[in-house]
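Have a look at the structure below before the remarks.
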Amino acid sequence: YSREIEEQSDINALMNAVLGVATDSGIMNPIDVKIRARPYDHFLMPEADQTFLHVTIFLLEGRTDAQKETLAVSLRSRLVELLSTVTSVSIDVRDMNPVAYKKRVLG
């Protein structure tokens, strides 16, 4: 997201909104959802005063295109409600290759 968003919104509240939509979708286990917010100070947009928020969702294979589209549309709608003055709100849902994805968790 463009750092200017921090002046108008609470980033933790936005992350909680993303979590809510993700878990309400029914296609993700809430314990598996991890959210990271990364502000950008330097970026180039067509006009100098534009702002953006982009969400990339990585899912293990197995969800249908319809499920992924519903998730993307729902999340975009919720974020637009919270960020009505942000110039660009985009969502990208991607499949992860389960053969190539490896994870280690202590616990």
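Going by the structure tokens order, chains are called A, B, ..., each with residues numbered from 1, while ligands are numbered from 1 in the order shown.
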
Neighbours of Ala17 in chain A within 12 Å (only C-alpha atoms; same-chain residues fewer than 2 positions away dropped), as a PDB file with N, CA, C and O atoms, in the first residue's frame?
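To be explicit, this is the file written out as selection.pdb:
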ATOM      1  N   SER A   9      -6.306   5.728   7.555  1.00  0.00           N
ATOM      2  CA  SER A   9      -6.830   4.443   8.032  1.00  0.00           C
ATOM      3  C   SER A   9      -5.871   3.788   9.004  1.00  0.00           C
ATOM      4  O   SER A   9      -4.653   3.969   8.926  1.00  0.00           O
ATOM      5  N   ASP A  10      -6.444   2.988   9.877  1.00  0.00           N
ATOM      6  CA  ASP A  10      -5.678   2.175  10.812  1.00  0.00           C
ATOM      7  C   ASP A  10      -5.317   0.877  10.099  1.00  0.00           C
ATOM      8  O   ASP A  10      -6.205   0.091   9.744  1.00  0.00           O
ATOM      9  N   ILE A  11      -4.036   0.658   9.882  1.00  0.00           N
ATOM     10  CA  ILE A  11      -3.591  -0.516   9.133  1.00  0.00           C
ATOM     11  C   ILE A  11      -3.989  -1.806   9.849  1.00  0.00           C
ATOM     12  O   ILE A  11      -4.383  -2.783   9.201  1.00  0.00           O
ATOM     13  N   ASN A  12      -3.947  -1.829  11.165  1.00  0.00           N
ATOM     14  CA  ASN A  12      -4.379  -3.033  11.890  1.00  0.00           C
ATOM     15  C   ASN A  12      -5.862  -3.315  11.652  1.00  0.00           C
ATOM     16  O   ASN A  12      -6.261  -4.476  11.509  1.00  0.00           O
ATOM     17  N   ALA A  13      -6.671  -2.272  11.583  1.00  0.00           N
ATOM     18  CA  ALA A  13      -8.097  -2.454  11.300  1.00  0.00           C
ATOM     19  C   ALA A  13      -8.293  -3.001   9.886  1.00  0.00           C
ATOM     20  O   ALA A  13      -9.156  -3.862   9.654  1.00  0.00           O
ATOM     21  N   LEU A  14      -7.495  -2.527   8.943  1.00  0.00           N
ATOM     22  CA  LEU A  14      -7.578  -3.046   7.577  1.00  0.00           C
ATOM     23  C   LEU A  14      -7.176  -4.519   7.532  1.00  0.00           C
ATOM     24  O   LEU A  14      -7.820  -5.325   6.859  1.00  0.00           O
ATOM     25  N   MET A  15      -6.117  -4.872   8.247  1.00  0.00           N
ATOM     26  CA  MET A  15      -5.696  -6.279   8.279  1.00  0.00           C
ATOM     27  C   MET A  15      -6.775  -7.152   8.910  1.00  0.00           C
ATOM     28  O   MET A  15      -7.038  -8.267   8.439  1.00  0.00           O
ATOM     29  N   LEU A  19      -8.755 -10.290   7.269  1.00  0.00           N
ATOM     30  CA  LEU A  19      -8.924 -11.567   7.974  1.00  0.00           C
ATOM     31  C   LEU A  19     -10.391 -11.967   8.041  1.00  0.00           C
ATOM     32  O   LEU A  19     -10.739 -13.127   7.804  1.00  0.00           O
ATOM     33  N   GLY A  20     -11.258 -11.020   8.342  1.00  0.00           N
ATOM     34  CA  GLY A  20     -12.682 -11.313   8.425  1.00  0.00           C
ATOM     35  C   GLY A  20     -13.248 -11.828   7.112  1.00  0.00           C
ATOM     36  O   GLY A  20     -13.974 -12.826   7.080  1.00  0.00           O
ATOM     37  N   VAL A  21     -12.907 -11.164   6.021  1.00  0.00           N
ATOM     38  CA  VAL A  21     -13.393 -11.606   4.711  1.00  0.00           C
ATOM     39  C   VAL A  21     -12.811 -12.976   4.366  1.00  0.00           C
ATOM     40  O   VAL A  21     -13.526 -13.855   3.864  1.00  0.00           O
ATOM     41  N   ALA A  22     -11.540 -13.166   4.650  1.00  0.00           N
ATOM     42  CA  ALA A  22     -10.889 -14.446   4.337  1.00  0.00           C
ATOM     43  C   ALA A  22     -11.549 -15.598   5.087  1.00  0.00           C
ATOM     44  O   ALA A  22     -11.872 -16.633   4.497  1.00  0.00           O
ATOM     45  N   THR A  23     -11.773 -15.416   6.372  1.00  0.00           N
ATOM     46  CA  THR A  23     -12.360 -16.503   7.155  1.00  0.00           C
ATOM     47  C   THR A  23     -13.840 -16.678   6.844  1.00  0.00           C
ATOM     48  O   THR A  23     -14.332 -17.813   6.826  1.00  0.00           O
ATOM     49  N   ASP A  24     -14.542 -15.595   6.541  1.00  0.00           N
ATOM     50  CA  ASP A  24     -15.958 -15.701   6.177  1.00  0.00           C
ATOM     51  C   ASP A  24     -16.158 -16.368   4.821  1.00  0.00           C
ATOM     52  O   ASP A  24     -17.251 -16.855   4.528  1.00  0.00           O
ATOM     53  N   ILE A  35      -1.350 -12.485   7.566  1.00  0.00           N
ATOM     54  CA  ILE A  35      -1.501 -11.205   6.880  1.00  0.00           C
ATOM     55  C   ILE A  35      -0.293 -10.337   7.206  1.00  0.00           C
ATOM     56  O   ILE A  35       0.071 -10.189   8.373  1.00  0.00           O
ATOM     57  N   SER A  74     -15.334 -10.011  -2.926  1.00  0.00           N
ATOM     58  CA  SER A  74     -15.756  -9.687  -1.555  1.00  0.00           C
ATOM     59  C   SER A  74     -14.712  -8.839  -0.843  1.00  0.00           C
ATOM     60  O   SER A  74     -15.049  -7.856  -0.170  1.00  0.00           O
ATOM     61  N   LEU A  75     -13.460  -9.219  -0.998  1.00  0.00           N
ATOM     62  CA  LEU A  75     -12.388  -8.478  -0.328  1.00  0.00           C
ATOM     63  C   LEU A  75     -12.254  -7.078  -0.922  1.00  0.00           C
ATOM     64  O   LEU A  75     -12.129  -6.099  -0.183  1.00  0.00           O
ATOM     65  N   ARG A  76     -12.315  -6.979  -2.231  1.00  0.00           N
ATOM     66  CA  ARG A  76     -12.232  -5.646  -2.852  1.00  0.00           C
ATOM     67  C   ARG A  76     -13.381  -4.762  -2.375  1.00  0.00           C
ATOM     68  O   ARG A  76     -13.177  -3.593  -2.016  1.00  0.00           O
ATOM     69  N   SER A  77     -14.579  -5.302  -2.327  1.00  0.00           N
ATOM     70  CA  SER A  77     -15.742  -4.524  -1.877  1.00  0.00           C
ATOM     71  C   SER A  77     -15.557  -4.017  -0.456  1.00  0.00           C
ATOM     72  O   SER A  77     -15.826  -2.856  -0.151  1.00  0.00           O
ATOM     73  N   ARG A  78     -15.089  -4.902   0.417  1.00  0.00           N
ATOM     74  CA  ARG A  78     -14.895  -4.508   1.825  1.00  0.00           C
ATOM     75  C   ARG A  78     -13.825  -3.428   1.945  1.00  0.00           C
ATOM     76  O   ARG A  78     -13.999  -2.447   2.683  1.00  0.00           O
ATOM     77  N   LEU A  79     -12.727  -3.579   1.239  1.00  0.00           N
ATOM     78  CA  LEU A  79     -11.652  -2.590   1.322  1.00  0.00           C
ATOM     79  C   LEU A  79     -12.059  -1.257   0.717  1.00  0.00           C
ATOM     80  O   LEU A  79     -11.687  -0.203   1.233  1.00  0.00           O
ATOM     81  N   VAL A  80     -12.832  -1.282  -0.357  1.00  0.00           N
ATOM     82  CA  VAL A  80     -13.314  -0.026  -0.950  1.00  0.00           C
ATOM     83  C   VAL A  80     -14.226   0.703   0.040  1.00  0.00           C
ATOM     84  O   VAL A  80     -14.182   1.933   0.135  1.00  0.00           O
ATOM     85  N   GLU A  81     -15.036  -0.047   0.795  1.00  0.00           N
ATOM     86  CA  GLU A  81     -15.866   0.580   1.835  1.00  0.00           C
ATOM     87  C   GLU A  81     -14.996   1.316   2.846  1.00  0.00           C
ATOM     88  O   GLU A  81     -15.347   2.412   3.290  1.00  0.00           O
ATOM     89  N   LEU A  82     -13.884   0.704   3.226  1.00  0.00           N
ATOM     90  CA  LEU A  82     -13.008   1.277   4.259  1.00  0.00           C
ATOM     91  C   LEU A  82     -12.067   2.336   3.705  1.00  0.00           C
ATOM     92  O   LEU A  82     -11.551   3.158   4.459  1.00  0.00           O
ATOM     93  N   LEU A  83     -11.803   2.295   2.409  1.00  0.00           N
ATOM     94  CA  LEU A  83     -10.808   3.178   1.793  1.00  0.00           C
ATOM     95  C   LEU A  83     -11.412   3.906   0.591  1.00  0.00           C
ATOM     96  O   LEU A  83     -10.893   3.837  -0.523  1.00  0.00           O
TER      97      LEU A  83
END

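Between Glu7 in chain A and the residues A:Ser25, A:Gln67, A:Thr56, A:Thr51, the shortest atom-to-atom distance, using only C-alpha atoms, involves A:Thr51.
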
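Running DSSP on the backbone gives strand (DSSP E) for these residues within chain A: Phe52, Leu53, His54, Val55, Thr56, Ile57, Phe58, Leu59, Leu60, Ser88, Val89, Ser90, Ile91, Asp92, Val93, Arg94, Asp95 and Met96 of chain A.
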
Worksheet item: Can you list, as number ranges by chain, every residue of range 1-104 of chain A that DSSP puts in alpha helix (DSSP H)?
Response: A: 11-24, 65-82

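When only C-alpha atoms are used to compute distances to Ala100 in chain A, the closest of the residues A:Arg36, A:Leu60, A:Glu4, A:Pro46 turns out to be A:Leu60.
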
Worksheet item: A:Val18, A:Leu53, A:Ile31, A:Val99: which is nearest Val86 in chain A, counting only C-alpha atoms?
Response: A:Leu53

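The residue set within 12 Å of Thr64 in chain A, counting only C-alpha atoms and dropping same-chain residues fewer than 3 places from it, reads Ile27, Leu59, Leu60, Glu61, Gln67, Lys68, Glu69, Thr70, Leu71, Val93, Arg94 and Asp95 of chain A.
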
Output file for the selection above: N, CA and C atoms, as an mmCIF file, in the first residue's frame:
data_model
loop_
_atom_site.group_PDB
_atom_site.id
_atom_site.type_symbol
_atom_site.label_atom_id
_atom_site.label_comp_id
_atom_site.auth_asym_id
_atom_site.auth_seq_id
_atom_site.Cartn_x
_atom_site.Cartn_y
_atom_site.Cartn_z
ATOM 1 N N ILE A 27 -13.379 -20.776 2.482
ATOM 2 C CA ILE A 27 -12.397 -21.550 1.717
ATOM 3 C C ILE A 27 -11.016 -21.543 2.359
ATOM 4 N N LEU A 59 -2.936 -19.192 -2.132
ATOM 5 C CA LEU A 59 -3.694 -20.350 -1.653
ATOM 6 C C LEU A 59 -3.071 -21.617 -2.215
ATOM 7 N N LEU A 60 -3.061 -22.678 -1.415
ATOM 8 C CA LEU A 60 -2.698 -23.969 -1.980
ATOM 9 C C LEU A 60 -3.769 -24.354 -2.988
ATOM 10 N N GLU A 61 -3.389 -25.089 -3.998
ATOM 11 C CA GLU A 61 -4.330 -25.500 -5.041
ATOM 12 C C GLU A 61 -5.535 -26.197 -4.440
ATOM 13 N N GLN A 67 -14.695 -19.788 -6.561
ATOM 14 C CA GLN A 67 -14.398 -19.484 -5.159
ATOM 15 C C GLN A 67 -13.373 -18.359 -5.051
ATOM 16 N N LYS A 68 -12.354 -18.424 -5.884
ATOM 17 C CA LYS A 68 -11.314 -17.396 -5.852
ATOM 18 C C LYS A 68 -11.862 -16.045 -6.307
ATOM 19 N N GLU A 69 -12.717 -16.054 -7.306
ATOM 20 C CA GLU A 69 -13.308 -14.801 -7.767
ATOM 21 C C GLU A 69 -14.221 -14.203 -6.696
ATOM 22 N N THR A 70 -15.019 -15.045 -6.059
ATOM 23 C CA THR A 70 -15.897 -14.564 -4.989
ATOM 24 C C THR A 70 -15.084 -13.949 -3.863
ATOM 25 N N LEU A 71 -13.990 -14.593 -3.487
ATOM 26 C CA LEU A 71 -13.107 -14.060 -2.452
ATOM 27 C C LEU A 71 -12.545 -12.709 -2.874
ATOM 28 N N VAL A 93 -5.488 -13.254 -6.523
ATOM 29 C CA VAL A 93 -5.528 -14.562 -5.862
ATOM 30 C C VAL A 93 -4.701 -15.523 -6.704
ATOM 31 N N ARG A 94 -3.707 -16.143 -6.072
ATOM 32 C CA ARG A 94 -2.775 -17.023 -6.785
ATOM 33 C C ARG A 94 -2.738 -18.404 -6.144
ATOM 34 N N ASP A 95 -2.571 -19.413 -6.997
ATOM 35 C CA ASP A 95 -2.380 -20.783 -6.515
ATOM 36 C C ASP A 95 -0.904 -21.024 -6.241
#

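Between Ser88 in chain A and the candidates A:Met28, A:Val33, A:Met45, A:Ala66, the tightest atom-to-atom separation, counting only C-alpha atoms, involves A:Met45.
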
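Atom to atom, CA of Arg3 in chain A and CA of Phe52 in chain A stand 8.9 Å apart.
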